[in-house]
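For reference, the structure is listed below as structure tokens.
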Amino acid sequence: NYDIVYTRYADDMSFSGDKVDVLDDILEVLKKYYFEINESKTRFYYKGNGQYVTGLSVEDSVKPRIPKRVKKRLRAEIYCISKYGLKSNVARILKKEESEITDEMLKKRSEKIIGWLSFINSIEYQFAEKYFSILLCLDDRKDNYYIKNAINHVERKMSNTLM
């Protein structure tokens with residue numbers, strides 16, 4: 001009746017359409033079927049103002065995309081790593097001196113970056129491929145070691161999840 005598109009990912013529901021005065025009707029139907037509404041997650045997004053579902057931008061009519069702010073932050077971080085090194089980057093992020101940075105901190109940050117790139121790879125593979133290749137070509141042997149170990153760690157976690 002309202003020309004609304006319903007999409008769902010796990011327990012997140014999205015309703016898309018041009019009409020904005022249908023929330024009460026949607027809530028009534030959901031409550032009828034014993035769904036509970038999390039008011040803090042209920043949002044209205046309007047065309048042209050950034051529309052996000054499960055953390056992805058859905059403004060593109062072709063497919064969901066990684067938000068620009070996420071790609072911008074990751075690009076900047078990988079640039080800093082390639083120019084100044086992983087340790088310097090981690091020190092900057094954690095607001096510490098380089099001498100305070102431990103192997104565990106380097107390992108965790110590398111895994112976080114590779115985890116993000118792996119996630120992005122499933123949505124925008126060209127972006128991920130470009131930045132994976134930059135990281136894999138790092139000159140510093142120690143930085144390269146952390147990145148390759150992070151890739152192996154993330155791949156193991158993903159294969160264990162799929163089993």
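In the structure tokens, chains take letters A, B, ... by order of appearance, with residues numbered from 1 within each chain and ligands from 1 in the order shown.
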Closest-contact table, range 13-104 of chain A side, partner range 108-121 of chain A, 10 Å, counting only C-alpha atoms, as a tab-separated table:
```
residue	atom	partner	partner_atom	distance
A:Arg65	CA	A:Ile120	CA	8.8
A:Ile66	CA	A:Ile120	CA	6.9
A:Val70	CA	A:Trp116	CA	9.3
A:Lys71	CA	A:Ile120	CA	8.9
A:Leu74	CA	A:Ile113	CA	7.6
A:Glu77	CA	A:Ile113	CA	8.8
A:Ile78	CA	A:Ile113	CA	8.5
A:Leu86	CA	A:Ser110	CA	8.2
A:Lys87	CA	A:Arg109	CA	9.7
A:Asn89	CA	A:Arg109	CA	9.3
A:Val90	CA	A:Arg109	CA	7.0
A:Ile93	CA	A:Arg109	CA	9.6
A:Asp103	CA	A:Lys108	CA	8.6
A:Glu104	CA	A:Lys108	CA	6.1
```
Using C-alpha atoms, can you write the selected residues to a file as an mmCIF file, in the first residue's frame?
```cif
data_model
loop_
_atom_site.group_PDB
_atom_site.id
_atom_site.type_symbol
_atom_site.label_atom_id
_atom_site.label_comp_id
_atom_site.auth_asym_id
_atom_site.auth_seq_id
_atom_site.Cartn_x
_atom_site.Cartn_y
_atom_site.Cartn_z
ATOM 1 C CA ARG A 65 29.366 1.038 -0.562
ATOM 2 C CA ILE A 66 31.849 1.591 2.223
ATOM 3 C CA VAL A 70 35.987 4.983 6.493
ATOM 4 C CA LYS A 71 37.927 4.825 3.220
ATOM 5 C CA LEU A 74 42.104 3.940 6.065
ATOM 6 C CA GLU A 77 46.608 5.475 7.819
ATOM 7 C CA ILE A 78 48.128 3.333 5.085
ATOM 8 C CA LEU A 86 54.037 1.112 11.295
ATOM 9 C CA LYS A 87 55.551 1.960 14.679
ATOM 10 C CA ASN A 89 51.697 5.300 12.928
ATOM 11 C CA VAL A 90 50.734 3.296 16.019
ATOM 12 C CA ILE A 93 47.180 6.837 16.975
ATOM 13 C CA ASP A 103 55.133 -5.785 19.553
ATOM 14 C CA GLU A 104 51.612 -6.581 20.772
#
```
Write down as a list in words the residues belonging to range 6-124 of chain A that are assigned strand (DSSP E) by DSSP computed on the backbone.
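For range 6-124 of chain A, the strand (DSSP E) set is Tyr6, Thr7, Arg8, Tyr9, Asp12, Met13, Ser14, Phe15, Ser16, Tyr52, Val53, Leu56 and Ser57 of chain A.
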Secondary structure check, alpha helix (DSSP H) residues of range 1-124 of chain A, as JSON, numbers by chain
{"A": [23, 24, 25, 26, 27, 28, 29, 30, 31, 32, 68, 69, 70, 71, 72, 73, 74, 75, 76, 77, 78, 79, 80, 81, 82, 83, 84, 86, 87, 88, 89, 90, 91, 92, 93, 94, 103, 104, 105, 106, 107, 108, 109, 110, 111, 112, 113, 114, 115, 116, 117, 118, 119, 120, 121]}
With only C-alpha atoms as the atoms that count, which of A:Lys107, A:Lys31, A:Glu36, A:Gln51 lies nearest to Ser14 in chain A?
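Comparing A:Lys107, A:Lys31, A:Glu36, A:Gln51 against Ser14 in chain A, the winner is A:Gln51.
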Distance criterion (only C-alpha atoms): nearest to Phe44 in chain A out of A:Leu23, A:Lys32, A:Pro64, A:Asn144
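The shortest atom-to-atom distance to Phe44 in chain A comes from A:Leu23.
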Could you tell me how far CA of Tyr9 in chain A lies from CA of Thr54 in chain A, in Å and to one decimal?
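About the pair CA of Tyr9 in chain A and CA of Thr54 in chain A: they are 7.8 Å apart.
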How many Å separate CA of Ser88 in chain A from CA of Asp143 in chain A?
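So the answer is 10.7 Å.
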